[in-house]
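Colleague: Would you mind keeping the following structure in view while I ask a few things?
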Amino acid sequence: MDHIQTKPASQLQSIKEVFTLQKQNLPALNRTSTGDRLSKLKAIERFLMDKDQQEKLKQAMHEDFRKPGVEVMISEVSVVLQQIRHIKKNLRRWLQPQLAETPLPMIGTKSYNLYEAKGNCLIIAPWNYPLNLSIAPLAYAIAGGNAAIIKPSEMTPHTSAFVQEMIESLFPSEEVAVFNGDKEVAQALLELPFNHIHFTGSPQVGKIIMRAAAEHLASVTLELGGKSPAIVDRTAPIKATAEKTAWGKFFNNGQTCIAPDYLLIEASVKEEFVSAFQQVVKKMYDSEGKGVQQSPDYSRVVNDRHFKRIKHLIEDAVKKGAKVVTGAKFDEAERYIAPTLLDNVTEEMDIMQEEIFGPVLPIRTFQSQEDVIRIIKARPKPLSMYIASRNRQFVNHIIDETSAGGTVINDYLLGYSNPDVSFGGVNNSGIGRAFGKKGFEEFVNARAVIKRQFGTLKMLYPPYTNGVKRIVAFITKWF
Ligand code: NAD
């Protein structure tokens, strides 16, 4: 691999300077072989497999929001490694030019799609999975032969510093660079003519990103959020479903884009679910009876702003008539919110108007399949939809009548786990796909190449005689 020798990004004077260096380096990067690209990915893999680095990362995430070590390994390190291994297995095939069929009037030509790098890529990451959502998209950008700048979130400063150190130790800045900082840094980056922007974050900021991308007609992948419903009908195994729901909700303290946001349960099985849910929360986070707050397996809300926001959602719901089944206990100094289940929730409450993104599960009930469809369709298309049911007709009816980025039946959070089906939202929950072949395709341009080997279309050239007109009529009728 030929590298232009330069200083790491942190020592360079400006974002613009690094952008320009990367731009100059694009032809060389686009020419890199599959082997070159894979060796870069292997360097990331080795770094993340290093036990000392894993410990450093766990420490950083503990300081940022007390994320448990097991969750760091499952949802940050393993996910990135899984994506890298998926690329390693498939990249040679993905990069092969795709030969197309030749229609009869095109006889004498050969056509294929060539996968060329998009070029300068910008990756803007959120705070809730700060390593995973910076490095997994980067792996696909590298696989496509691009240069990339990453802007991690300012809300997890320890992990964002880890990401910067990692990248600066593995890549020269004309290939990959990290700029840490708040939205001002993001805005400075967005002024530059990137070829592709991969953004993960809220729908509100997603709109700002898309507006900025429009200035340069940059392509975008927007991985956004929203309210993902957890639908449970009376045929579901209620105890097991309550356990899975609690896991899906409280993993990462509910700060997961695909967390079940609210429960939509058939009225006749609500009481059974509520009692099972309370028991499993105790089993998961308070088995020794010292209180959930003492559990090392329960993380914290990321910062004061989000703590206040979630507390307000609970208080507003209670003020408007919701009943606290469990939780609604707060410790502001620690940004601790107990696992909370709210009953008697109505659409007028703020908690049903915005993505919760915290450890609170509001309950809505339904009597009929049409209730479910009406409630889901009243809001934008969700990122994920969860359906727990043994009734195939019910599941198919819900899928047929609604739309969502992804759907998981009889479990939670799995939407992120199989690169072969890719991942993404639809409209308000996102545009484009991440991961797998479809995710790779977001970082490359499928350039159509058509080569004339013999023959000509001369018989269609002017002057447009009756003979030409007859040929056109024949083509129009038969091809
Ligand atoms: P956010 O939209 O507030 O911030 C994301 C990134 O955008 C950060 O790096 C931030 O610095 C930057 N940013 C913020 N304001 C900006 C502005 N005005 N201009 C330019 N950049 C700006 O999101 P967040 O709070 O970090 O993350 C939570 C959101 O992300 C939730 O909505 C969640 O559902 C979503 N999310 C989606 C996925 C997914 O894969 N679909 C994954 C994780 C999180």
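By convention in this document, the chains of the structure tokens carry letters A, B, ... by their order, each chain's residues are numbered from 1, and ligands are numbered from 1 in the order they are shown.
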Using only C-alpha atoms and all ligand atoms, which residues of the polymer chains come no farther than 6 Å from ligand 1? I'd like the answer as a list in words.

Modeller: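 Here is the list of contacting residues: Ile124, Ala125, Pro126, Trp127, Asn128, Lys151, Pro152, Ser153, Glu154, Asp182, Lys183, Ala186, Gln187, Thr200, Gly201, Ser202, Val205, Glu223, Leu224, Gly225, Gly226 and Cys257 of chain A.
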
Colleague: Could you give me, as a tab-separated table, every stretch 124-179 of chain A residue with an atom at most 9 Å from stretch 67-77 of chain A, plus its closest atom pair and distance in Å to one decimal, counting only C-alpha atoms, rows ordered by chain then number?

Modeller:
residue	atom	partner	partner_atom	distance
A:Tyr129	CA	A:Glu76	CA	6.5
A:Pro130	CA	A:Glu76	CA	7.9
A:Leu131	CA	A:Glu76	CA	5.9
A:Asn132	CA	A:Glu76	CA	4.7
A:Leu133	CA	A:Glu76	CA	8.3

Colleague: Using only C-alpha atoms, determine which residues lie at most 10 Å from A:Ser422, disregarding the query and same-chain residues fewer than 6 positions distant; provide the list as a list of chain:residue names.

Modeller: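 That gives A:Gly406, A:Gly415, A:Tyr416, A:Gly432, A:Arg433, A:Ala434, A:Phe435, A:Gly436, A:Lys437, A:Lys438, A:Gly439, A:Phe440.
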
Colleague: What separation in Å, quoted to one decimal, exists between atom CA of A:Ala212 and atom CA of A:Leu190?

Modeller: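 It comes out at 6.1 Å.
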
Colleague: Find the residues around stretch 26-38 of chain A up to 7 Å (only C-alpha atoms counted), leave out those fewer than 5 positions away in its own chain, and share them as an MDAnalysis selection string.

Modeller: chainID A and resid 1 88 92 116:117 119 142:143 145:147

Colleague: Let me see the file: selected residues, all heavy atoms, as a PDB file, in the first residue's frame.

Modeller:
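Heads up, here's the output in selection-v2.pdb:
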ATOM      1  N   MET A   1       0.837  -1.201   0.000  1.00  0.00           N
ATOM      2  CA  MET A   1       0.000   0.000   0.000  1.00  0.00           C
ATOM      3  C   MET A   1       0.879   1.262   0.000  1.00  0.00           C
ATOM      4  O   MET A   1       1.789   1.365   0.812  1.00  0.00           O
ATOM      5  CB  MET A   1      -0.841   0.031   1.273  1.00  0.00           C
ATOM      6  CG  MET A   1      -2.228  -0.434   1.087  1.00  0.00           C
ATOM      7  SD  MET A   1      -3.124  -0.285   2.637  1.00  0.00           S
ATOM      8  CE  MET A   1      -2.339  -1.572   3.604  1.00  0.00           C
ATOM      9  N   LYS A  88     -15.021  -9.305   4.897  1.00  0.00           N
ATOM     10  CA  LYS A  88     -13.879 -10.139   4.499  1.00  0.00           C
ATOM     11  C   LYS A  88     -14.357 -11.327   3.653  1.00  0.00           C
ATOM     12  O   LYS A  88     -13.724 -11.717   2.692  1.00  0.00           O
ATOM     13  CB  LYS A  88     -13.139 -10.651   5.752  1.00  0.00           C
ATOM     14  CG  LYS A  88     -12.122  -9.636   6.280  1.00  0.00           C
ATOM     15  CD  LYS A  88     -11.616  -9.945   7.660  1.00  0.00           C
ATOM     16  CE  LYS A  88     -10.956 -11.275   7.835  1.00  0.00           C
ATOM     17  NZ  LYS A  88     -10.587 -11.532   9.242  1.00  0.00           N
ATOM     18  N   ARG A  92     -14.493  -9.657  -2.229  1.00  0.00           N
ATOM     19  CA  ARG A  92     -13.991 -10.015  -3.556  1.00  0.00           C
ATOM     20  C   ARG A  92     -15.170 -10.145  -4.540  1.00  0.00           C
ATOM     21  O   ARG A  92     -15.128  -9.627  -5.655  1.00  0.00           O
ATOM     22  CB  ARG A  92     -13.216 -11.339  -3.465  1.00  0.00           C
ATOM     23  CG  ARG A  92     -11.822 -11.228  -4.014  1.00  0.00           C
ATOM     24  CD  ARG A  92     -10.945 -12.391  -3.646  1.00  0.00           C
ATOM     25  NE  ARG A  92     -10.089 -12.090  -2.512  1.00  0.00           N
ATOM     26  CZ  ARG A  92      -9.023 -11.307  -2.542  1.00  0.00           C
ATOM     27  NH1 ARG A  92      -8.684 -10.721  -3.670  1.00  0.00           N
ATOM     28  NH2 ARG A  92      -8.303 -11.072  -1.471  1.00  0.00           N
ATOM     29  N   GLU A 116     -17.131   1.649  -8.354  1.00  0.00           N
ATOM     30  CA  GLU A 116     -16.058   2.589  -8.028  1.00  0.00           C
ATOM     31  C   GLU A 116     -16.383   3.310  -6.726  1.00  0.00           C
ATOM     32  O   GLU A 116     -17.558   3.457  -6.355  1.00  0.00           O
ATOM     33  CB  GLU A 116     -15.870   3.605  -9.160  1.00  0.00           C
ATOM     34  CG  GLU A 116     -17.084   4.470  -9.397  1.00  0.00           C
ATOM     35  CD  GLU A 116     -16.920   5.456 -10.556  1.00  0.00           C
ATOM     36  OE1 GLU A 116     -16.026   5.273 -11.386  1.00  0.00           O
ATOM     37  OE2 GLU A 116     -17.717   6.411 -10.598  1.00  0.00           O
ATOM     38  N   ALA A 117     -15.339   3.768  -6.047  1.00  0.00           N
ATOM     39  CA  ALA A 117     -15.535   4.459  -4.768  1.00  0.00           C
ATOM     40  C   ALA A 117     -16.332   5.738  -4.992  1.00  0.00           C
ATOM     41  O   ALA A 117     -16.202   6.390  -6.028  1.00  0.00           O
ATOM     42  CB  ALA A 117     -14.181   4.801  -4.169  1.00  0.00           C
ATOM     43  N   GLY A 119     -15.898   8.370  -3.028  1.00  0.00           N
ATOM     44  CA  GLY A 119     -14.868   9.415  -2.856  1.00  0.00           C
ATOM     45  C   GLY A 119     -14.735   9.872  -1.421  1.00  0.00           C
ATOM     46  O   GLY A 119     -14.459   9.083  -0.527  1.00  0.00           O
ATOM     47  N   ILE A 142     -14.295   1.908   3.765  1.00  0.00           N
ATOM     48  CA  ILE A 142     -12.976   1.400   3.363  1.00  0.00           C
ATOM     49  C   ILE A 142     -13.141   0.308   2.304  1.00  0.00           C
ATOM     50  O   ILE A 142     -12.428   0.271   1.302  1.00  0.00           O
ATOM     51  CB  ILE A 142     -12.210   0.856   4.603  1.00  0.00           C
ATOM     52  CG1 ILE A 142     -11.816   2.021   5.515  1.00  0.00           C
ATOM     53  CG2 ILE A 142     -10.980   0.054   4.188  1.00  0.00           C
ATOM     54  CD1 ILE A 142     -11.223   1.597   6.854  1.00  0.00           C
ATOM     55  N   ALA A 143     -14.114  -0.573   2.517  1.00  0.00           N
ATOM     56  CA  ALA A 143     -14.352  -1.659   1.551  1.00  0.00           C
ATOM     57  C   ALA A 143     -14.641  -1.084   0.159  1.00  0.00           C
ATOM     58  O   ALA A 143     -14.241  -1.650  -0.854  1.00  0.00           O
ATOM     59  CB  ALA A 143     -15.524  -2.514   2.016  1.00  0.00           C
ATOM     60  N   GLY A 145     -13.350   1.622  -1.029  1.00  0.00           N
ATOM     61  CA  GLY A 145     -12.174   2.334  -1.549  1.00  0.00           C
ATOM     62  C   GLY A 145     -12.248   3.842  -1.363  1.00  0.00           C
ATOM     63  O   GLY A 145     -11.697   4.609  -2.154  1.00  0.00           O
ATOM     64  N   ASN A 146     -12.937   4.279  -0.314  1.00  0.00           N
ATOM     65  CA  ASN A 146     -13.137   5.714  -0.073  1.00  0.00           C
ATOM     66  C   ASN A 146     -12.153   6.282   0.949  1.00  0.00           C
ATOM     67  O   ASN A 146     -11.525   5.541   1.701  1.00  0.00           O
ATOM     68  CB  ASN A 146     -14.539   5.933   0.505  1.00  0.00           C
ATOM     69  CG  ASN A 146     -15.625   5.487  -0.443  1.00  0.00           C
ATOM     70  OD1 ASN A 146     -15.953   6.182  -1.392  1.00  0.00           O
ATOM     71  ND2 ASN A 146     -16.178   4.298  -0.200  1.00  0.00           N
ATOM     72  N   ALA A 147     -12.117   7.608   1.016  1.00  0.00           N
ATOM     73  CA  ALA A 147     -11.499   8.298   2.148  1.00  0.00           C
ATOM     74  C   ALA A 147     -12.644   8.695   3.081  1.00  0.00           C
ATOM     75  O   ALA A 147     -13.769   8.903   2.624  1.00  0.00           O
ATOM     76  CB  ALA A 147     -10.786   9.549   1.663  1.00  0.00           C
TER      77      ALA A 147
END

Colleague: Enumerate as a PyMOL selection string all residues of stretch 146-247 of chain A assigned to strand (DSSP E or B) by DSSP on the backbone, naming them with the chain letters and numbers the document uses.

Modeller: chain A and resi 147-151+176-178+196-200+219-223+229-232

Colleague: Neighbours of stretch 99-102 of chain A within 8 Å (only C-alpha atoms; same-chain residues fewer than 4 positions away dropped), as a ChimeraX atom specification?

Modeller: /A:106-107,109-113

Colleague: Output N, CA and C atoms for every residue in the selection just made, as a PDB file, in the first residue's frame.

Modeller:
ATOM      1  N   MET A 106     -29.104  -4.335 -28.883  1.00  0.00           N
ATOM      2  CA  MET A 106     -27.763  -3.936 -28.423  1.00  0.00           C
ATOM      3  C   MET A 106     -26.704  -4.955 -28.842  1.00  0.00           C
ATOM      4  N   ILE A 107     -27.081  -5.865 -29.716  1.00  0.00           N
ATOM      5  CA  ILE A 107     -26.120  -6.913 -30.124  1.00  0.00           C
ATOM      6  C   ILE A 107     -24.834  -6.268 -30.613  1.00  0.00           C
ATOM      7  N   THR A 109     -22.598  -5.343 -28.314  1.00  0.00           N
ATOM      8  CA  THR A 109     -22.072  -4.599 -27.155  1.00  0.00           C
ATOM      9  C   THR A 109     -21.972  -5.531 -25.950  1.00  0.00           C
ATOM     10  N   LYS A 110     -21.178  -5.071 -24.984  1.00  0.00           N
ATOM     11  CA  LYS A 110     -21.050  -5.802 -23.719  1.00  0.00           C
ATOM     12  C   LYS A 110     -21.266  -4.767 -22.618  1.00  0.00           C
ATOM     13  N   SER A 111     -22.088  -5.100 -21.608  1.00  0.00           N
ATOM     14  CA  SER A 111     -22.385  -4.107 -20.566  1.00  0.00           C
ATOM     15  C   SER A 111     -22.111  -4.690 -19.190  1.00  0.00           C
ATOM     16  N   TYR A 112     -21.610  -3.840 -18.352  1.00  0.00           N
ATOM     17  CA  TYR A 112     -21.396  -4.291 -16.965  1.00  0.00           C
ATOM     18  C   TYR A 112     -21.409  -3.101 -16.015  1.00  0.00           C
ATOM     19  N   ASN A 113     -21.629  -3.390 -14.730  1.00  0.00           N
ATOM     20  CA  ASN A 113     -21.528  -2.368 -13.679  1.00  0.00           C
ATOM     21  C   ASN A 113     -20.192  -2.528 -12.986  1.00  0.00           C
TER      22      ASN A 113
END

Colleague: Rounded to one decimal place, report the atom CA of A:Arg85-atom CA of A:Ala446 distance in Å.

Modeller: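 Atom-to-atom, atom CA of A:Arg85 to atom CA of A:Ala446, that is 23.2 Å.
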
Colleague: So that I can check the secondary structure, give me every residue of stretch 326-438 of chain A assigned alpha helix (DSSP H) by backbone DSSP, as a PyMOL selection string.

Modeller: chain A and resi 369-377+392-401+436-438

Colleague: Just how far from atom CA of A:Ala276 is atom CA of A:Asp261, in Å to one decimal?

Modeller: 18.5 Å

Colleague: Out of A:Val301, A:Leu57, A:Ile265, A:Ile258, which residue has the shortest atom-to-atom distance to A:Val163 when counting only C-alpha atoms?

Modeller: A:Leu57

Colleague: Could you name the residues that touch A:Glu334 at 12 Å or less, counting only C-alpha atoms, but leaving out those on the same chain fewer than 6 positions away, as a list in words?

Modeller: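 The neighbour list is Glu63, Asp64, Phe65, Arg66, Gln293, Gln294, Ser299, Arg300, Val301, Val302, Asn303, Asp304 and Phe307 of chain A.
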
Colleague: Ranking A:Phe443, A:Tyr461, A:Phe251, A:Phe277 by minimum distance to A:Pro359 and counting only C-alpha atoms, which one comes first?

Modeller: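 Under the stated criterion, the closest residue is A:Phe251.
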
Colleague: For each of A:Gly206, A:Pro296, A:Pro463, A:Gly327, take the minimum atom-to-atom distance to A:Gly430, counting only C-alpha atoms, then give the residue where this is smallest.

Modeller: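 Answer, going by the shortest atom-to-atom distance: A:Gly206.
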
Colleague: Show me, as a PyMOL selection string, the residues that have an atom within 6 Å of A:Ser389 when counting only C-alpha atoms, minus same-chain residues fewer than 5 positions from it.

Modeller: chain A and resi 233+235-236

Colleague: Of the residues A:Leu41, A:Ile15, A:Ala338, A:Ile314, which is the one nearest to A:Leu91, using only C-alpha atoms?

Modeller: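 Ranked by minimum distance to A:Leu91, first place goes to A:Leu41.
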